[in-house]
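> Sharing a structure here in C-alpha cells format.
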There are 2 protein chains.
Amino acid sequence: MTLDALFKPKSIAVIGASRHKEKVGNVVFRNLLAIYHGKLYPVNTKAEDVEGVKAFKSVKEIPDPIDLVVITVPREAVPTVMEEAVEKQVKAAIVITAGFKEVGEEKLENEVISIARKGSIRVLGPNTFGIITPELNATFAYSDVKRGNIALVVQSGGLGVYMLNWAQKNRIGISYMVSLGNQADIKEYEVLEYLSHDAETKAIFVYLEGVSDGNAFLETLPEVTKRKPVVFLKGGTTSNGAAAAKTHTGSLAGSFEVFKAAVRIGGGILVENLHDLLNLAKLLMYSEPIRDQILVITNSGGHGVLTSDEIEKNGLKLVEIPSWMQEELRKALPPTSMPKNPLDLTGDANRDRYLSALKIVSNLDCTKLVIVQALPMVSCSDVARVITSFKGKGIIGITMGLDEDYALKILESAGIPAYTFPEDAVKAIRYLVKKPEPRKKIRIAQPIEAAVELTKGKTTLRDYEALKLMEIYGIRTPKWGIAESEDEAQRIADNIGYPVVMKISPDQPIHKTELKGVVVNVEKDQVKEVYKQLSKQTKRVLIQEQLSGLEIFVGGLKDPVFGHVVLVGSGGIYVDVLKNVSYALSPVYEDEAQELLQESKIHDMLHARKRGYDEGSLIRTVITVSRMIVDLDIKEMDINPLFVNERGAFATDVRIVLR
Amino acid sequence: MTLDALFKPKSIAVIGASRHKEKVGNVVFRNLLAIYHGKLYPVNTKAEDVEGVKAFKSVKEIPDPIDLVVITVPREAVPTVMEEAVEKQVKAAIVITAGFKEVGEEKLENEVISIARKGSIRVLGPNTFGIITPELNATFAYSDVKRGNIALVVQSGGLGVYMLNWAQKNRIGISYMVSLGNQADIKEYEVLEYLSHDAETKAIFVYLEGVSDGNAFLETLPEVTKRKPVVFLKGGTTSNGAAAAKTHTGSLAGSFEVFKAAVRIGGGILVENLHDLLNLAKLLMYSEPIRDQILVITNSGGHGVLTSDEIEKNGLKLVEIPSWMQEELRKALPPTSMPKNPLDLTGDANRDRYLSALKIVSNLDCTKLVIVQALPMVSCSDVARVITSFKGKGIIGITMGLDEDYALKILESAGIPAYTFPEDAVKAIRYLVKKPEPRKKIRIAQPIEAAVELTKGKTTLRDYEALKLMEIYGIRTPKWGIAESEDEAQRIADNIGYPVVMKISPDQPIHKTELKGVVVNVEKDQVKEVYKQLSKQTKRVLIQEQLSGLEIFVGGLKDPVFGHVVLVGSGGIYVDVLKNVSYALSPVYEDEAQELLQESKIHDMLHARKRGYDEGSLIRTVITVSRMIVDLDIKEMDINPLFVNERGAFATDVRIVLR
C-alpha cells in the first residue's frame, strides 16, 4: 500500500513542535507522545527539548530515517521545511498549516506540492486537521474515542472532531479519522481505497465538499462499496453552501445532481445531513439484520401512529402479522390491545407484556422497532433488558423518557442499535435497505464515422446538421426539409403533408420561440406567406412534420468533475417549471434509463390514461444520446422536445455545442 | 369559563382509588395527593381508606360538593359511576378508563356521555391520560416538570408524557398538559380556547389524530392564534398511520391535505414530526427576536457550509455583512478568517475571538447562529458564556462536542435558545418566520336563483347542464351546442367554426376519453361521420370550440370534517401524474387563490416562456368555484380541463355531483 508511510509510519517528526501548551505544534506533539509507539522527534529551530524530548533544529539533523513529518509551522516556512524533508528522504507529510488555496494562495500550495513531488513525498493537506488511527493521533484534538470499526474521512477537520466526540458519547468505536484538507496531493479516493482493505474498518463515512478527480472517484468507488458500505454527506449542495465551501477548503462544490448520480452508480449511500449520517452509523456498527418490512411494538398509541406515518413516507412497509400469530397475541394480551401492526401494548404494559409479545413475534422475518415510553408501570431500562435477549432477531430499540440514555446504554452495550426518536431509526433503515448496487462506468468513445465527418472542426451544429446527426445515430426525426425559397418551401411541405411547422434556421443555436421564429399549424395555402415572413430573419427555413405526443427533454453535458452526464425530464414548457430532470453518468444501460424515467415521473406520464406511448423507443433514445455524447465528446446538447407517441420517439429540436 | 371545573376544581374525587401501589387508581390518587391543595376524596367500594385518607363507597356518600371526578374503574362500571356523579351534581369528569370507541365499543361510550349530559357534566375522555395543571396532576404519570409557559394538548397520553419528560430534561417549563382521549364530549377546540385565555401559557403545542368538529375548529383557531402561537403535529397523515390512529383513539384521521389547509387558514404552525415540534418549543419559550435573515458564526468551516445549505433549502437567507462591518472584522480577525457569511473563525479560534466577532456584528438586524465546536483552543461552555452577554440580539447557540450539554444548560439558563444540530435550529426558525396569518372563513350560501332552479332535485348534472351552471356563475365556456342529429351537428359546428371537438353526452358523469367518446380536430367535412360514430353510444352529442392553452384542474369537494374545499392543479393528463394539487377551504379570497397558484406551480406554468396567459381570469374562476360549491352545497365537482390562454379561462369539461 502506497499510503502505509502515512497511516503506519515507523518514525515521525513534528516540524514546529512548540514548547507552548496552547500552540497547535505542541498539542499535536503531545497527542502523538500519548499513544504512538514508534520513534517520535520534535523539530524546533530554537528549543533544546519539547515536552522532555530532545529537539532538532531541522528534520535533516535527526540521526534516524523518518517516514512521516507532521508540519505545523507558519505557511511562509512550509516550502523550506518541505525542501528539508525531501533531502531527508521522508516518505509522507501531513501539512496541518492553513492559509493556502482556501484563502486564494494557490501559488504557495502548488510550490509546496511540487517540492514534495521531487522527493516522492505523499502529502495530506495542506489545511488538514490530521489523522487518527488505532496507533496514533496526529491532530490537535484530544480524543478518547474507543477503538472500533467505523472510519471517518472528512474534508473538514471540525466535522471530523465533532464526529469523534459524538462517537465517544454514543459508544461508537472508530478505526480511522482522516481529515483531507485541500487535497493538494492525496485525494479522497486513495484514502477510500486504502480503508477498503483495512480489516478493522466495517463501514466508511465521508464528508466531502468537492471531488478533485471524478474519473478516479468513479473508478474506485464501486470496488470500495463492494467490500463495505460507504456513506456520503455532501457540503455545498446549494449556491450559498457552495460559496462557503470554496472559502473553506478551496473546493469547487460542483453540481450536486451530478455528484448524486456518481455516488449512486458507485454504490454509495448519500445522506441528507449530519444527523442522518450519525443515525446511520448507529445501524452500521452493529450486525442486527435489517429488512424493509417493519413491525412496530409500542406502549404509546401516538408513537405507533406517527411511526407508521414515517414508515410509509420512507417507502418502507408495515409487515403483516400472520393470523395464527395474531391469535397467539390475542391470547397473551389484554382486550384493549389489538393484535395489529403497529402493536400497541397500551399505556399500562409492563416488562412481562413486552416479553410475551416479543416471544410470539421474534421469528417473524422483519425489522422490529420496539418503542418504550417510560411510564409508571414500566421504565425504558426494564424493556431494554427484555430486548437484549432477542438479539439477532432484527431488533431496534427506541427509548423515550427520563431514563432513555441509560436504556440506550444497555442496548448498545448488548450490540443492539437504539434511538430516542422513531423517525431517526426509520430513516436510517431506509438508507440501508435502499442502498444502490455498485457499477463501473466504462467510457470508450466509439464514434460512427459519418458523425465524425459531420462534426469535424465545428464548435456548434446548425439545426439541420443536428437533425442529421440524430439520424446517423438511428434516432428518428419528424419528416423535414430546408427551404431557401417560397417555391422550395411549398414543394417540401407538400411532400411532408399538412399541417407543418415552419422555423427560422439560424447559423447559431438560439431560442427560436422567443424570436417568434416558429409557426405551427401551417396549412398548404399558408406556406409561401409564412416563408416570406420567416425569411426576413433567416433565408434558410426549416419545415417539419407536425407531431403530437408527450414532449420530453433529453439532454447531455460534460461535467468538469465527472465527465459526460445524460439528463431526462419533462420537455416543452415544463422543463423550466417542473424541473423534474434526472441525471445519470454516461453511458447508461437499459436499467439505468428505466430508472431515469421512473425518477423523473416520465414513466407515469407515458402511461397516464392508459395510452400506448412507445416507452421502448424513448429508452433506446436515452441510451443512444448517452453514448453519442461520449463518442463525440459533446460539451452540451439538448433535444427539446423529443415527441413520444404511439409510433415512437422523434427528436424535433436539437441544440448541440461540441466544445 | 365553562371548563374551570375541570382545570381549577375546588374538590376532586378519585373513583376507583386503589390501595395497590401498581394500580392506575392508586397512582392517580397519589399524584393528586402530592401537590393538589383542594379537597381530595378516594372512592373505593371495598377499602376503608386509601393512602391514609378516609375512603367512600360511592361519590354520593361524600359530605361536601364535588367539582371533578377522576374515573379509573373498569369500563363496565363507568355508566353506574357516572349515574352517581350526576346525582351528586358533579360538574366535570376525567374518564381515564380505556376500552371504548377505540376498540369498537362506541355504544358504551355513547351511553356514558348521554348519562353525563343529563347532569351537564363535562367529560374529558374516555381513554384519556388525564391532565396536569400548575395546581394538580390528575394522571398516572410521575412528573417533576418545572412550571413554565408551554401548554401541551395531546390526543395520545403517551406522547404527552414523553413531552413532559423531554421538557424536564431540556429545562422547558410547562403550564398545562391535557390528554384529550377519545374526545367524546370535550373537544380540542374548547381546550385551545381555554388555554388561549390562560395568562401563564405563552405557546400551545397540539398532537392530533383527528378533528371532531371542523366548523368549531375553524371558528376557534384564528382567535387562539391571534393571542399566541399554536403548533400542530398530526398523526395519521398516511394510510398506515390513519389505520393505526383509528385503533388508537377511534379517530377518523381524515384528509391530511384538508387538515393542512385548515391549520394554515387558522394561523397555526404545522410541523412534520415530533423532533421538529420539540425544537420549535425551544424557540418559542424564550423571547430572542427571530428573523429570516441569518448570520452564521462558526469555528468549523464544514459546519458553516452545511448550515448555509440548510438555510437555503429552508427558504431563509444569509444576511449580507455591510462593508464597513467587514472591514472591522478584517481588522479583528486573523488573515485565515474571511469576513464573509458564514463567518468562519477557523479551528484555532478561542473565546476572545468569538467575543470580538460578536461585538462587531451584535447590532446587525438578523438572527445569529453561533456554532461552537469544542476544540483544544476552546470549549462549548467557554463560548456559551460569551454568548450570554449578547442576549436580546437575536442569538441562537449551537454547541457541538463533549461538553455540549453543559453549554446548552448555560445558554438555556440565560434564556437563550440552543441546539446541538444547526439544521434543527434552521428548521425551527423557518417554521416561526413563515407562520401564516390567521383568517376566519365565513361561509354563507348566497346561491344565484337560476342556479337553484337548474340544480333543484338533482343528484348529478349532465355535461350541458354543468356548462350552463358555469355560465350562470359567469365562468366562460368554449362555444358549444348539443346535437341530436347529423344535420343539427353540422349546423352547430358551422356556427362554432373549425376545427371542433365532439363528445358523447351521457346522462351520468363518466370518463368520456376512456370510452373513446371524444374526437378532436374535427373538420367541416368530418362532422356528420363523427356524429354517426358517437351516436352509437349516446344520441346526444356535445360539440365544442377547440381551444388551446394551459390545461388546469379546478375542483371542489365537501370534506366530512372541514366542509367545502377548493382544489387547483395541473389539468389534463398531468392531474394524475404530477399530483401538484393545492387545497384551500372555501370560499377563497384573491390572495388565497394566488397562493394556490404559487404552491401548485400553476403560476410558473402560466408565465413560462413569457406567454401572456390570463392569470386574472383563472383567479376569478377559482374564487367563483369556491363560492359556488358553498352556495349549492356541492359534494364533488371538477373542471378538467379549464383551458387558460391569452383570451381568458374556459371551462371545457365539468363534472358535478350535487349530493
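Letters for chains follow the order of the C-alpha cells (A, B, ...), residue numbers begin at 1 for each chain, and ligand numbers begin at 1 in the order shown.
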Using only C-alpha atoms, find each residue in chain B having at least one atom no more than 7 Å away from chain A; report its shortest atom-to-atom pair and that distance in Å (one decimal), rows by chain then rising number, as a tab-separated table.


```
residue	atom	partner	partner_atom	distance
B:Glu22	CA	A:Met377	CA	7.0
B:Gly99	CA	A:Thr336	CA	5.5
B:Val103	CA	A:Thr336	CA	6.6
B:Phe140	CA	A:Pro376	CA	6.9
B:Ala141	CA	A:Pro376	CA	6.0
B:Tyr142	CA	A:Pro376	CA	6.8
B:Ser156	CA	A:Gly302	CA	5.1
B:Gly158	CA	A:Ser300	CA	4.7
B:Leu159	CA	A:Gly302	CA	6.0
B:Tyr162	CA	A:Gly401	CA	5.8
B:Asn165	CA	A:Gly401	CA	5.5
B:Trp166	CA	A:Gly401	CA	6.9
B:Gly235	CA	A:Leu306	CA	5.3
B:Gly236	CA	A:Val305	CA	5.9
B:Thr237	CA	A:Asp309	CA	6.1
B:Thr238	CA	A:Asp309	CA	5.2
B:Asn240	CA	A:Ser308	CA	5.7
B:Gly241	CA	A:Asp309	CA	4.7
B:Ala244	CA	A:Val305	CA	5.3
B:Ala245	CA	A:Val305	CA	5.6
B:His248	CA	A:Gly301	CA	5.4
B:Ser300	CA	A:Gly158	CA	4.7
B:Gly301	CA	A:His248	CA	5.4
B:Gly302	CA	A:Ser156	CA	5.0
B:His303	CA	A:Leu159	CA	6.8
B:Gly304	CA	A:Ala244	CA	7.0
B:Val305	CA	A:Gly241	CA	4.8
B:Leu306	CA	A:Gly235	CA	5.3
B:Ser308	CA	A:Gly241	CA	4.7
B:Asp309	CA	A:Gly241	CA	4.7
B:Glu312	CA	A:Thr238	CA	6.7
B:Thr336	CA	A:Gly99	CA	5.5
B:Pro342	CA	A:Ala244	CA	6.7
B:Gly347	CA	A:Gly158	CA	6.9
B:Gln373	CA	A:Tyr162	CA	6.8
B:Leu375	CA	A:Ala141	CA	6.2
B:Pro376	CA	A:Ala141	CA	5.9
B:Met377	CA	A:Glu22	CA	6.9
B:Met400	CA	A:Tyr162	CA	6.5
B:Gly401	CA	A:Asn165	CA	5.6
B:Leu402	CA	A:Asn165	CA	5.7
B:Ile573	CA	A:Ala608	CA	6.2
B:Val577	CA	A:Met605	CA	5.9
B:Asp604	CA	A:Val577	CA	6.0
B:Met605	CA	A:Val577	CA	6.0
B:Ala608	CA	A:Ile573	CA	6.2
B:Arg609	CA	A:Ile573	CA	6.9
```

> Need the shell around Ser58 of chain A: protein/DNA/RNA residues with any atom at most 9 Å away, counting only C-alpha atoms. Skip same-chain ones fewer than 3 positions apart. Format as a list in words?

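Surrounding residues, per the criterion: Ile15, Val43, Asn44, Thr45, Ala55, Glu61, Ile62, Val81, Glu84 and Ala85 of chain A.
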
> Quick one: distance from atom CA of Leu364 of chain B to atom CA of Met325 of chain B in Å, one decimal?

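So the answer is 9.3 Å.
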
> So the first atom is atom CA of Val78 of chain B and the second is atom CA of Val378 of chain A; what is the distance between them in Å, to one decimal place?

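Computed distance, atom CA of Val78 of chain B to atom CA of Val378 of chain A, equals 26.0 Å.
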
> Please provide the set of residues having any atom within 12 Å of Glu51 of chain B, restricted to only C-alpha atoms, with same-chain residues fewer than 3 positions apart removed, written as a PyMOL selection string.

chain B and resi 17-21+25-34+40-44+47-48+54-55

> Once you have the residues from the selection above, write them out as a compact mmCIF listing (two decimals), in the first residue's frame, restricted to N, CA and C atoms.


```
# COMPACT_ATOMS: atom_id res chain seq x y z
N ALA B 17 -60.07 4.70 43.34
CA ALA B 17 -58.78 4.91 44.01
C ALA B 17 -58.42 3.60 44.71
N SER B 18 -57.33 2.98 44.30
CA SER B 18 -56.98 1.65 44.80
C SER B 18 -55.94 1.74 45.91
N ARG B 19 -55.87 0.66 46.70
CA ARG B 19 -54.82 0.58 47.72
C ARG B 19 -53.55 -0.03 47.15
N HIS B 20 -53.64 -0.66 45.96
CA HIS B 20 -52.47 -1.34 45.38
C HIS B 20 -51.62 -0.34 44.62
N LYS B 21 -50.37 -0.21 45.07
CA LYS B 21 -49.49 0.83 44.53
C LYS B 21 -49.33 0.78 43.01
N GLY B 25 -55.50 3.54 39.57
CA GLY B 25 -56.32 4.31 40.50
C GLY B 25 -55.53 4.77 41.73
N ASN B 26 -54.54 3.99 42.11
CA ASN B 26 -53.70 4.39 43.24
C ASN B 26 -52.71 5.47 42.84
N VAL B 27 -52.08 5.26 41.67
CA VAL B 27 -51.07 6.23 41.21
C VAL B 27 -51.70 7.59 41.02
N VAL B 28 -52.88 7.63 40.39
CA VAL B 28 -53.57 8.90 40.17
C VAL B 28 -53.85 9.57 41.52
N PHE B 29 -54.33 8.79 42.46
CA PHE B 29 -54.66 9.38 43.77
C PHE B 29 -53.41 9.95 44.44
N ARG B 30 -52.30 9.18 44.37
CA ARG B 30 -51.06 9.67 44.99
C ARG B 30 -50.56 10.92 44.30
N ASN B 31 -50.66 10.95 42.96
CA ASN B 31 -50.20 12.14 42.22
C ASN B 31 -50.99 13.38 42.63
N LEU B 32 -52.31 13.19 42.86
CA LEU B 32 -53.13 14.32 43.28
C LEU B 32 -52.76 14.75 44.70
N LEU B 33 -52.61 13.74 45.55
CA LEU B 33 -52.25 13.98 46.95
C LEU B 33 -50.98 14.83 47.06
N ALA B 34 -50.05 14.59 46.13
CA ALA B 34 -48.73 15.22 46.21
C ALA B 34 -48.76 16.73 46.11
N LEU B 40 -59.73 16.51 48.54
CA LEU B 40 -59.50 15.32 47.73
C LEU B 40 -60.06 14.08 48.43
N TYR B 41 -60.88 13.29 47.71
CA TYR B 41 -61.52 12.12 48.31
C TYR B 41 -61.30 10.88 47.47
N PRO B 42 -60.88 9.75 48.11
CA PRO B 42 -60.83 8.49 47.38
C PRO B 42 -62.20 7.81 47.44
N VAL B 43 -62.63 7.23 46.31
CA VAL B 43 -63.84 6.42 46.32
C VAL B 43 -63.44 4.98 46.00
N ASN B 44 -63.80 4.06 46.89
CA ASN B 44 -63.40 2.66 46.74
C ASN B 44 -64.49 1.82 47.38
N ALA B 47 -62.43 -0.60 50.29
CA ALA B 47 -61.46 -0.18 51.30
C ALA B 47 -62.01 0.91 52.22
N GLU B 48 -61.50 0.92 53.47
CA GLU B 48 -61.88 1.93 54.46
C GLU B 48 -61.12 3.23 54.20
N LYS B 54 -59.48 8.74 54.42
CA LYS B 54 -60.74 8.02 54.55
C LYS B 54 -61.42 7.89 53.18
N ALA B 55 -61.82 6.64 52.87
CA ALA B 55 -62.44 6.38 51.56
C ALA B 55 -63.95 6.29 51.68
```

> Once you count only C-alpha atoms, what closest atom pair and distance in Å to one decimal does each residue of segment 179-259 of chain A within 7 Å of segment 538-562 of chain A have, with rows by chain and rising residue number, as CSV?


```
residue,atom,partner,partner_atom,distance
A:Ser212,CA,A:Val561,CA,7.0
A:Asp213,CA,A:Val561,CA,6.3
A:Gly214,CA,A:Phe562,CA,4.4
A:Asn215,CA,A:Phe562,CA,6.1
```

> Which residues in segment 146-261 of chain A does DSSP call alpha helix (DSSP H)? List them as a count of residues only.

53

> Excluding Lys427 of chain A and any residue of its chain fewer than 6 positions from it, enumerate the residues within 10 Å of it, using only C-alpha atoms, and give them as a PyMOL selection string.

chain A and resi 271+276+279-280+310-311+313-316

> I need the residues from that last selection saved to file as a PDB file, in the first residue's frame (with C-alpha atoms), if you can.


```pdb
ATOM      1  CA  VAL A 271     -27.442  11.111   3.327  1.00  0.00           C
ATOM      2  CA  ASP A 276     -28.865  11.267   9.296  1.00  0.00           C
ATOM      3  CA  ASN A 279     -28.041   7.762  12.847  1.00  0.00           C
ATOM      4  CA  LEU A 280     -26.922   5.502  10.037  1.00  0.00           C
ATOM      5  CA  GLU A 310     -42.838   7.688   8.872  1.00  0.00           C
ATOM      6  CA  ILE A 311     -42.570   4.127   7.577  1.00  0.00           C
ATOM      7  CA  LYS A 313     -43.337   8.235   3.924  1.00  0.00           C
ATOM      8  CA  ASN A 314     -39.964   6.492   3.634  1.00  0.00           C
ATOM      9  CA  GLY A 315     -41.249   3.878   1.200  1.00  0.00           C
ATOM     10  CA  LEU A 316     -40.971   1.026   3.721  1.00  0.00           C
TER      11      LEU A 316
END
```

> Among segment 68-152 of chain A, which ones does DSSP assign to strand (DSSP E or B) (computed from the backbone)? Answer as a PyMOL selection string.

chain A and resi 68-71+92-95+122-124+130-132+137-139+147-152
